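Working notes for the structure below.
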Amino acid sequence: MTRIFSGVQPTGHLTLGNYLGAMRRWVAEDQYRADALFCVVDLHALTVDHDPARVRRLSRQAATLLLAAGLDPERCTVFVQSQVDEHARLAYLMECTATDGEMRRMIQYKEKAARERERGGSVRLSLLTYPTLMAADILAYGTDEVPVGEDQAQHVELTRDLAVRFNQRYGQTFVVPRTTLPAVAARVMDLQEPTVKMGKSRARTAGIVYLLDEPEAVRKKVMRAVTDAGSDVVYDREERPGVANLLDVLAACTGRDPRGLAAEYDSYGALKKDTAEAVVEVLRPIRERHAELAAEPSYVDGVLREGAERARGMARPRVDAAYRAVGLLA
């Protein structure tokens with residue numbers, strides 16, 4: 001059976017972009033068609049300055065939201081990365097396989113490092129090397145497919161390169177995975193800066209719709225979304241990124257084609273109103289289920305504990321084999 005792996009970072013509250021770009025597909029398709037693992041990758045949250053209590057709080061919230069969105073622990077494995085030691089064990093072998101040049105070419109490293117320097121902070125070494133941890137996350141499980149948002153595709157390509165290189169040097173050890181992207185709204189953009197993705201760790205939040213936002217907050221953010229010069233509704237990501245983003249979001253929420261939707265509107269106001277209501281309705285069941293699960297912390301703890309045990313059982317034989325392959329004593 002095909003095995004898939006994907007995860008979310010607890011670096012901020014999960015957003016509409018996280019849901020439409022990845023989580024919804026995990027729920028609707030991936031957990032049914034494959035042996036699927038979904039992980040809260042909390043070790044990745046340590047690559048930048050962080051508050052330990054906040055990381056713990058957001059890790060639990062992210063896990064709860066994955067379940068609230070519809071992941072079924074009877075069908076898939078839901079767990080927290082740091083509770084499975086094999087991720088950290090294999091990450092070092094991936095560091096020994098990757099090159100400095102590969103790490104520095106990663107677009108996300110360039111962007112995040114630049115923002116950190118702008119704030120006057122220092123750039124942690126782990127920010128440079130975290131793609132090797134991501135590679136370990138994927139390769140430890142013999143993953144065939146990695147369903148991710150468009151912004152993570154470069155990291156999956158690196159993972160493929162590292163798997164091939166390791167296998168060539170030390171013998172066949174890892175499955176070479178492939179990326180799968182959702183057809184619509186693979187990259188939801190910030191409503192105030194439509195050329196920048198809707199990221200949960202951005203400092204400015206006016207353009208970010210969070211999964212736990214109240215309906216009125218969602219409506220306010222969408223109605224205040226930046227559009228473009230002119231008044232006609234046209235789907236053009238290059239020339240009209242603001243309107244295109246709204247059309248992408250509405251299309252993803254309704255299962256329609258964004259170009260077809262554009263032809264149905266003759267004003268930005270009507271488009272914004274319909275988009276806002278569509279987002280509110282998409283998020284409503286997630287918010288309601290999250291409230292129920294948050295009132296049952298022992299249930300969530302049990303799911304994560306069982307998920308970590310199952311994941312550990314899958315990962316350990318392959319990571320042990322990789323250790324033997326590179327020449328380490330059993």
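Simple scheme: letters A, B, ... for chains in structure tokens order, numbers from 1 for residues in each chain, numbers from 1 for ligands in the order shown.
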Report as a count of residues only all protein, DNA and RNA residues lying within 10 Å of Pro215 (chain A), evaluated on only C-alpha atoms, omitting residues in the same chain fewer than 4 positions from it.
10
Using only C-alpha atoms: which of A:Ala315, A:Met223, A:Ala278, A:Ile286 has the shortest distance to Glu86 (chain A)
A:Ala315
Non-local contacts of Tyr19 (chain A) (12 Å; only C-alpha atoms; under 3 positions in same chain excluded) as number ranges by chain
A: 7-8, 13-16, 22-28, 62, 65-66, 68-70, 148-149, 182, 185-188, 198-200, 209-212, 249, 252-253, 279, 282-283, 286
For N, CA and C atoms, I'd like the residues from the last selection saved as a compact mmCIF listing (two decimals), in the first residue's frame.
# COMPACT_ATOMS: atom_id res chain seq x y z
N GLY A 7 3.27 16.93 7.40
CA GLY A 7 3.20 17.49 8.74
C GLY A 7 2.97 18.98 8.75
N VAL A 8 2.72 19.50 9.94
CA VAL A 8 2.55 20.94 10.15
C VAL A 8 3.46 21.41 11.27
N HIS A 13 -0.51 29.81 14.91
CA HIS A 13 -1.83 29.22 14.79
C HIS A 13 -2.07 28.80 13.33
N LEU A 14 -2.64 27.63 13.12
CA LEU A 14 -2.87 27.13 11.77
C LEU A 14 -3.86 28.03 11.03
N THR A 15 -3.63 28.16 9.73
CA THR A 15 -4.36 29.13 8.92
C THR A 15 -5.22 28.47 7.85
N LEU A 16 -6.03 29.30 7.22
CA LEU A 16 -6.81 28.85 6.07
C LEU A 16 -5.89 28.29 4.99
N ALA A 22 -3.27 21.95 2.18
CA ALA A 22 -2.79 20.61 2.49
C ALA A 22 -3.77 19.79 3.32
N MET A 23 -4.20 20.31 4.47
CA MET A 23 -4.93 19.50 5.44
C MET A 23 -6.23 18.92 4.88
N ARG A 24 -6.95 19.70 4.09
CA ARG A 24 -8.23 19.22 3.59
C ARG A 24 -8.05 17.99 2.70
N ARG A 25 -6.99 18.00 1.93
CA ARG A 25 -6.73 16.83 1.09
C ARG A 25 -6.35 15.63 1.94
N TRP A 26 -5.58 15.86 3.01
CA TRP A 26 -5.25 14.74 3.89
C TRP A 26 -6.51 14.06 4.40
N VAL A 27 -7.48 14.91 4.78
CA VAL A 27 -8.72 14.41 5.37
C VAL A 27 -9.60 13.73 4.32
N ALA A 28 -9.78 14.38 3.18
CA ALA A 28 -10.74 13.90 2.19
C ALA A 28 -10.23 12.73 1.36
N ALA A 62 -2.30 22.29 17.35
CA ALA A 62 -2.18 21.78 15.98
C ALA A 62 -2.67 20.34 15.90
N LEU A 65 -6.40 20.32 16.06
CA LEU A 65 -6.99 20.79 14.81
C LEU A 65 -6.91 19.74 13.71
N LEU A 66 -5.84 18.97 13.68
CA LEU A 66 -5.76 17.90 12.68
C LEU A 66 -6.91 16.91 12.88
N ALA A 68 -9.72 17.64 14.52
CA ALA A 68 -10.97 18.38 14.30
C ALA A 68 -11.29 18.52 12.82
N ALA A 69 -10.25 18.62 12.00
CA ALA A 69 -10.46 18.73 10.56
C ALA A 69 -10.98 17.44 9.95
N GLY A 70 -10.77 16.32 10.66
CA GLY A 70 -11.32 15.06 10.18
C GLY A 70 -10.36 13.90 10.04
N VAL A 148 2.09 18.13 0.03
CA VAL A 148 2.48 19.38 0.68
C VAL A 148 1.97 20.56 -0.13
N GLY A 149 2.09 21.75 0.46
CA GLY A 149 1.83 22.97 -0.27
C GLY A 149 2.98 23.27 -1.21
N PRO A 182 -2.08 19.78 -4.30
CA PRO A 182 -3.51 19.91 -4.58
C PRO A 182 -3.72 20.71 -5.86
N ALA A 185 -5.75 26.14 -5.23
CA ALA A 185 -5.33 26.83 -4.01
C ALA A 185 -4.17 26.13 -3.33
N ALA A 186 -3.21 25.68 -4.13
CA ALA A 186 -2.03 25.04 -3.55
C ALA A 186 -1.26 26.04 -2.70
N ARG A 187 -1.43 27.33 -3.00
CA ARG A 187 -0.72 28.33 -2.22
C ARG A 187 -1.64 29.52 -1.99
N VAL A 188 -2.27 29.57 -0.84
CA VAL A 188 -3.16 30.67 -0.48
C VAL A 188 -2.30 31.85 -0.03
N MET A 198 0.12 33.05 2.75
CA MET A 198 -0.53 33.21 4.05
C MET A 198 0.21 32.33 5.06
N GLY A 199 1.18 32.92 5.76
CA GLY A 199 2.02 32.17 6.68
C GLY A 199 1.62 32.38 8.12
N LYS A 200 1.61 31.30 8.91
CA LYS A 200 1.14 31.40 10.29
C LYS A 200 2.12 32.11 11.21
N VAL A 209 -6.17 34.49 7.79
CA VAL A 209 -7.36 33.89 8.38
C VAL A 209 -6.93 32.63 9.12
N TYR A 210 -7.16 32.61 10.43
CA TYR A 210 -6.80 31.45 11.24
C TYR A 210 -7.98 30.49 11.35
N LEU A 211 -7.69 29.21 11.50
CA LEU A 211 -8.75 28.21 11.55
C LEU A 211 -9.70 28.44 12.72
N LEU A 212 -9.21 29.06 13.79
CA LEU A 212 -10.04 29.27 14.96
C LEU A 212 -10.59 30.70 15.06
N VAL A 249 -9.35 31.18 -3.36
CA VAL A 249 -9.93 30.78 -2.08
C VAL A 249 -11.38 30.36 -2.26
N ALA A 252 -11.57 27.02 -4.02
CA ALA A 252 -11.21 25.91 -3.14
C ALA A 252 -12.33 25.59 -2.16
N CYS A 253 -13.03 26.62 -1.69
CA CYS A 253 -14.11 26.41 -0.71
C CYS A 253 -15.36 25.82 -1.35
N VAL A 279 -15.74 30.92 3.29
CA VAL A 279 -14.70 30.57 4.26
C VAL A 279 -15.31 30.30 5.63
N VAL A 282 -16.79 26.84 5.60
CA VAL A 282 -15.77 25.78 5.57
C VAL A 282 -15.14 25.58 6.95
N LEU A 283 -14.94 26.69 7.66
CA LEU A 283 -14.26 26.60 8.96
C LEU A 283 -15.20 26.25 10.11
N ILE A 286 -14.90 22.77 11.74
CA ILE A 286 -13.59 22.58 12.37
C ILE A 286 -13.55 23.27 13.72
Which of region 18-238 of chain A DSSP labels strand (DSSP E or B), written as a PyMOL selection string
chain A and resi 35-40+77-80+145-147+178-180+189+197+210
Let's have the selection written as a JSON list (two decimals), in the first residue's frame, with N, CA, C and O atoms.
[["chain", "number", "residue", "atom", "x", "y", "z"],
["A", 35, "ASP", "N", -1.47, 4.28, 3.40],
["A", 35, "ASP", "CA", -0.98, 4.13, 4.77],
["A", 35, "ASP", "C", -0.37, 5.49, 5.12],
["A", 35, "ASP", "O", 0.74, 5.81, 4.71],
["A", 36, "ALA", "N", -1.12, 6.31, 5.85],
["A", 36, "ALA", "CA", -0.79, 7.73, 5.98],
["A", 36, "ALA", "C", -0.33, 8.08, 7.38],
["A", 36, "ALA", "O", -0.90, 7.64, 8.38],
["A", 37, "LEU", "N", 0.71, 8.93, 7.45],
["A", 37, "LEU", "CA", 1.22, 9.48, 8.71],
["A", 37, "LEU", "C", 1.17, 10.99, 8.64],
["A", 37, "LEU", "O", 1.66, 11.59, 7.67],
["A", 38, "PHE", "N", 0.59, 11.61, 9.68],
["A", 38, "PHE", "CA", 0.51, 13.07, 9.76],
["A", 38, "PHE", "C", 1.09, 13.50, 11.09],
["A", 38, "PHE", "O", 0.69, 13.01, 12.15],
["A", 39, "CYS", "N", 2.01, 14.46, 11.03],
["A", 39, "CYS", "CA", 2.87, 14.74, 12.17],
["A", 39, "CYS", "C", 2.88, 16.23, 12.50],
["A", 39, "CYS", "O", 2.91, 17.08, 11.60],
["A", 40, "VAL", "N", 2.86, 16.54, 13.80],
["A", 40, "VAL", "CA", 3.14, 17.90, 14.26],
["A", 40, "VAL", "C", 4.66, 17.98, 14.42],
["A", 40, "VAL", "O", 5.23, 17.38, 15.33],
["A", 77, "THR", "N", -2.04, 7.62, 11.08],
["A", 77, "THR", "CA", -1.21, 7.79, 12.26],
["A", 77, "THR", "C", -0.98, 9.28, 12.50],
["A", 77, "THR", "O", -0.42, 9.96, 11.65],
["A", 78, "VAL", "N", -1.44, 9.77, 13.64],
["A", 78, "VAL", "CA", -1.27, 11.18, 14.01],
["A", 78, "VAL", "C", -0.37, 11.22, 15.22],
["A", 78, "VAL", "O", -0.65, 10.57, 16.24],
["A", 79, "PHE", "N", 0.73, 11.99, 15.14],
["A", 79, "PHE", "CA", 1.69, 11.99, 16.25],
["A", 79, "PHE", "C", 2.51, 13.27, 16.25],
["A", 79, "PHE", "O", 2.39, 14.10, 15.36],
["A", 80, "VAL", "N", 3.33, 13.39, 17.28],
["A", 80, "VAL", "CA", 4.22, 14.55, 17.44],
["A", 80, "VAL", "C", 5.65, 14.10, 17.19],
["A", 80, "VAL", "O", 6.12, 13.10, 17.75],
["A", 145, "GLU", "N", 4.78, 9.11, -1.10],
["A", 145, "GLU", "CA", 4.25, 10.40, -1.52],
["A", 145, "GLU", "C", 4.27, 11.38, -0.36],
["A", 145, "GLU", "O", 4.03, 11.00, 0.79],
["A", 146, "VAL", "N", 4.54, 12.65, -0.69],
["A", 146, "VAL", "CA", 4.53, 13.72, 0.31],
["A", 146, "VAL", "C", 3.55, 14.79, -0.17],
["A", 146, "VAL", "O", 3.87, 15.61, -1.02],
["A", 147, "PRO", "N", 2.31, 14.79, 0.35],
["A", 147, "PRO", "CA", 1.34, 15.82, -0.04],
["A", 147, "PRO", "C", 1.62, 17.10, 0.72],
["A", 147, "PRO", "O", 1.44, 17.18, 1.93],
["A", 178, "ARG", "N", 7.93, 11.12, -3.81],
["A", 178, "ARG", "CA", 7.51, 12.12, -4.80],
["A", 178, "ARG", "C", 6.53, 13.08, -4.14],
["A", 178, "ARG", "O", 5.83, 12.74, -3.19],
["A", 179, "THR", "N", 6.47, 14.31, -4.70],
["A", 179, "THR", "CA", 5.58, 15.34, -4.19],
["A", 179, "THR", "C", 4.21, 15.24, -4.86],
["A", 179, "THR", "O", 4.13, 14.97, -6.05],
["A", 180, "THR", "N", 3.15, 15.44, -4.09],
["A", 180, "THR", "CA", 1.82, 15.58, -4.67],
["A", 180, "THR", "C", 1.23, 16.90, -4.19],
["A", 180, "THR", "O", 1.24, 17.20, -3.01],
["A", 189, "MET", "N", -2.59, 33.03, -0.56],
["A", 189, "MET", "CA", -1.76, 34.19, -0.28],
["A", 189, "MET", "C", -2.37, 35.06, 0.80],
["A", 189, "MET", "O", -3.56, 35.00, 1.10],
["A", 197, "LYS", "N", 2.75, 34.35, 0.64],
["A", 197, "LYS", "CA", 1.85, 33.29, 1.09],
["A", 197, "LYS", "C", 1.29, 33.60, 2.48],
["A", 197, "LYS", "O", 1.89, 34.32, 3.28],
["A", 210, "TYR", "N", -7.16, 32.61, 10.43],
["A", 210, "TYR", "CA", -6.80, 31.45, 11.24],
["A", 210, "TYR", "C", -7.98, 30.49, 11.35],
["A", 210, "TYR", "O", -9.15, 30.91, 11.31]]
Choose the residue, out of A:Val55, A:Leu127, A:Asn18, A:His50, that has the smallest atom-to-atom separation from Ala114 (chain A); count only C-alpha atoms.
A:Leu127
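Closest to Ala322 (chain A) among A:Asn167, A:Thr195, A:Thr47, A:Gln154 is A:Asn167, based on only C-alpha atoms.
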Measuring atom to atom with only C-alpha atoms, identify which of A:Thr64, A:Arg318, A:Asp51, A:Gln31 is nearest to Leu293 (chain A).
A:Thr64
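For the pair CA of Val156 (chain A) and CA of Pro258 (chain A), the separation is 27.4 Å.
If you measure from each of A:Leu139, A:Val319, A:Leu133, A:Ile4 to Glu29 (chain A) using only C-alpha atoms, the closest one turns out to be A:Ile4.
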Run DSSP on the backbone and grab whatever in region 105-312 of chain A lands in alpha helix (DSSP H); send it over as a PyMOL selection string.
chain A and resi 107-118+125-139+153-170+215-223+241-254+258-262+268-294+297-312
Can I get the selected residues back with C-alpha atoms, as an mmCIF file, in the first residue's frame?
data_model
loop_
_atom_site.group_PDB
_atom_site.id
_atom_site.type_symbol
_atom_site.label_atom_id
_atom_site.label_comp_id
_atom_site.auth_asym_id
_atom_site.auth_seq_id
_atom_site.Cartn_x
_atom_site.Cartn_y
_atom_site.Cartn_z
ATOM 1 C CA ILE A 107 14.430 29.553 -0.754
ATOM 2 C CA GLN A 108 12.823 29.354 2.678
ATOM 3 C CA TYR A 109 16.220 29.609 4.366
ATOM 4 C CA LYS A 110 17.028 32.761 2.408
ATOM 5 C CA GLU A 111 13.673 34.339 3.238
ATOM 6 C CA LYS A 112 13.615 33.406 6.940
ATOM 7 C CA ALA A 113 17.262 34.298 7.490
ATOM 8 C CA ALA A 114 16.710 37.713 5.892
ATOM 9 C CA ARG A 115 13.717 38.392 8.163
ATOM 10 C CA GLU A 116 15.694 37.343 11.222
ATOM 11 C CA ARG A 117 18.558 39.670 10.320
ATOM 12 C CA GLU A 118 16.112 42.529 9.710
ATOM 13 C CA LEU A 125 22.427 26.908 12.426
ATOM 14 C CA SER A 126 19.324 24.713 12.662
ATOM 15 C CA LEU A 127 17.498 27.105 10.309
ATOM 16 C CA LEU A 128 20.113 26.307 7.671
ATOM 17 C CA THR A 129 20.073 22.546 8.234
ATOM 18 C CA TYR A 130 16.383 21.940 8.933
ATOM 19 C CA PRO A 131 15.734 20.606 5.400
ATOM 20 C CA THR A 132 17.829 17.599 6.406
ATOM 21 C CA LEU A 133 15.522 17.077 9.389
ATOM 22 C CA MET A 134 12.564 17.305 7.015
ATOM 23 C CA ALA A 135 14.254 14.725 4.794
ATOM 24 C CA ALA A 136 14.650 12.459 7.810
ATOM 25 C CA ASP A 137 10.969 12.940 8.672
ATOM 26 C CA ILE A 138 10.034 11.638 5.234
ATOM 27 C CA LEU A 139 12.648 8.954 4.632
ATOM 28 C CA ALA A 153 8.068 21.297 -2.949
ATOM 29 C CA GLN A 154 11.740 22.358 -3.090
ATOM 30 C CA HIS A 155 12.423 20.564 0.191
ATOM 31 C CA VAL A 156 10.870 17.352 -1.098
ATOM 32 C CA GLU A 157 13.100 17.568 -4.176
ATOM 33 C CA LEU A 158 16.095 17.844 -1.862
ATOM 34 C CA THR A 159 14.838 14.805 0.042
ATOM 35 C CA ARG A 160 14.711 12.858 -3.217
ATOM 36 C CA ASP A 161 18.296 13.869 -4.007
ATOM 37 C CA LEU A 162 19.515 12.831 -0.564
ATOM 38 C CA ALA A 163 17.760 9.474 -0.770
ATOM 39 C CA VAL A 164 19.320 8.719 -4.158
ATOM 40 C CA ARG A 165 22.777 9.839 -2.991
ATOM 41 C CA PHE A 166 22.600 7.778 0.215
ATOM 42 C CA ASN A 167 21.463 4.690 -1.693
ATOM 43 C CA GLN A 168 24.274 5.078 -4.224
ATOM 44 C CA ARG A 169 26.934 5.469 -1.547
ATOM 45 C CA TYR A 170 25.834 2.942 1.028
ATOM 46 C CA PRO A 215 -16.922 34.228 11.898
ATOM 47 C CA GLU A 216 -17.011 38.022 12.240
ATOM 48 C CA ALA A 217 -13.216 38.166 12.291
ATOM 49 C CA VAL A 218 -13.114 36.086 9.109
ATOM 50 C CA ARG A 219 -15.630 38.349 7.378
ATOM 51 C CA LYS A 220 -13.744 41.487 8.392
ATOM 52 C CA LYS A 221 -10.421 40.176 7.097
ATOM 53 C CA VAL A 222 -11.843 39.028 3.761
ATOM 54 C CA MET A 223 -13.861 42.220 3.190
ATOM 55 C CA PRO A 241 -2.810 38.881 -7.655
ATOM 56 C CA GLY A 242 -5.312 40.240 -5.119
ATOM 57 C CA VAL A 243 -8.410 39.267 -7.079
ATOM 58 C CA ALA A 244 -6.826 35.986 -8.185
ATOM 59 C CA ASN A 245 -6.186 35.078 -4.553
ATOM 60 C CA LEU A 246 -9.825 35.696 -3.617
ATOM 61 C CA LEU A 247 -10.969 33.625 -6.587
ATOM 62 C CA ASP A 248 -8.591 30.808 -5.626
ATOM 63 C CA VAL A 249 -9.932 30.780 -2.079
ATOM 64 C CA LEU A 250 -13.561 30.838 -3.229
ATOM 65 C CA ALA A 251 -12.853 28.100 -5.767
ATOM 66 C CA ALA A 252 -11.212 25.914 -3.144
ATOM 67 C CA CYS A 253 -14.106 26.414 -0.710
ATOM 68 C CA THR A 254 -16.802 25.681 -3.286
ATOM 69 C CA PRO A 258 -11.482 30.176 -10.390
ATOM 70 C CA ARG A 259 -11.676 31.306 -14.022
ATOM 71 C CA GLY A 260 -15.288 30.250 -14.270
ATOM 72 C CA LEU A 261 -16.080 32.083 -11.038
ATOM 73 C CA ALA A 262 -14.480 35.295 -12.330
ATOM 74 C CA TYR A 268 -15.047 43.244 -5.988
ATOM 75 C CA GLY A 269 -17.574 43.737 -3.209
ATOM 76 C CA ALA A 270 -19.791 40.854 -4.293
ATOM 77 C CA LEU A 271 -16.752 38.608 -4.729
ATOM 78 C CA LYS A 272 -15.469 39.457 -1.259
ATOM 79 C CA LYS A 273 -18.852 38.885 0.361
ATOM 80 C CA ASP A 274 -19.290 35.449 -1.200
ATOM 81 C CA THR A 275 -15.690 34.492 -0.425
ATOM 82 C CA ALA A 276 -16.084 35.519 3.212
ATOM 83 C CA GLU A 277 -19.263 33.459 3.646
ATOM 84 C CA ALA A 278 -17.706 30.455 1.918
ATOM 85 C CA VAL A 279 -14.698 30.574 4.256
ATOM 86 C CA VAL A 280 -16.914 30.919 7.332
ATOM 87 C CA GLU A 281 -18.892 27.827 6.337
ATOM 88 C CA VAL A 282 -15.765 25.784 5.567
ATOM 89 C CA LEU A 283 -14.262 26.603 8.961
ATOM 90 C CA ARG A 284 -17.444 26.246 11.035
ATOM 91 C CA PRO A 285 -17.316 22.461 11.586
ATOM 92 C CA ILE A 286 -13.585 22.584 12.368
ATOM 93 C CA ARG A 287 -14.081 25.236 15.051
ATOM 94 C CA GLU A 288 -16.976 23.331 16.584
ATOM 95 C CA ARG A 289 -15.143 19.995 16.646
ATOM 96 C CA HIS A 290 -12.002 21.661 18.021
ATOM 97 C CA ALA A 291 -14.010 22.999 20.963
ATOM 98 C CA GLU A 292 -15.268 19.479 21.691
ATOM 99 C CA LEU A 293 -11.804 17.926 21.507
ATOM 100 C CA ALA A 294 -10.185 20.691 23.565
ATOM 101 C CA PRO A 297 -7.431 16.510 26.519
ATOM 102 C CA SER A 298 -7.031 12.906 27.659
ATOM 103 C CA TYR A 299 -8.450 11.699 24.338
ATOM 104 C CA VAL A 300 -5.991 13.814 22.338
ATOM 105 C CA ASP A 301 -3.106 12.638 24.566
ATOM 106 C CA GLY A 302 -4.104 9.027 23.945
ATOM 107 C CA VAL A 303 -4.221 9.515 20.183
ATOM 108 C CA LEU A 304 -0.753 11.092 20.187
ATOM 109 C CA ARG A 305 0.709 8.418 22.457
ATOM 110 C CA GLU A 306 -0.614 5.579 20.317
ATOM 111 C CA GLY A 307 0.413 7.411 17.159
ATOM 112 C CA ALA A 308 3.985 7.834 18.394
ATOM 113 C CA GLU A 309 4.236 4.156 19.288
ATOM 114 C CA ARG A 310 2.986 3.132 15.864
ATOM 115 C CA ALA A 311 5.303 5.595 14.095
ATOM 116 C CA ARG A 312 8.292 4.425 16.138
#
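Each of A:Ala34, A:Thr2, A:Gly12, A:Leu67 was checked against Arg54 (chain A) using only C-alpha atoms; the smallest atom-to-atom distance is that of A:Gly12.
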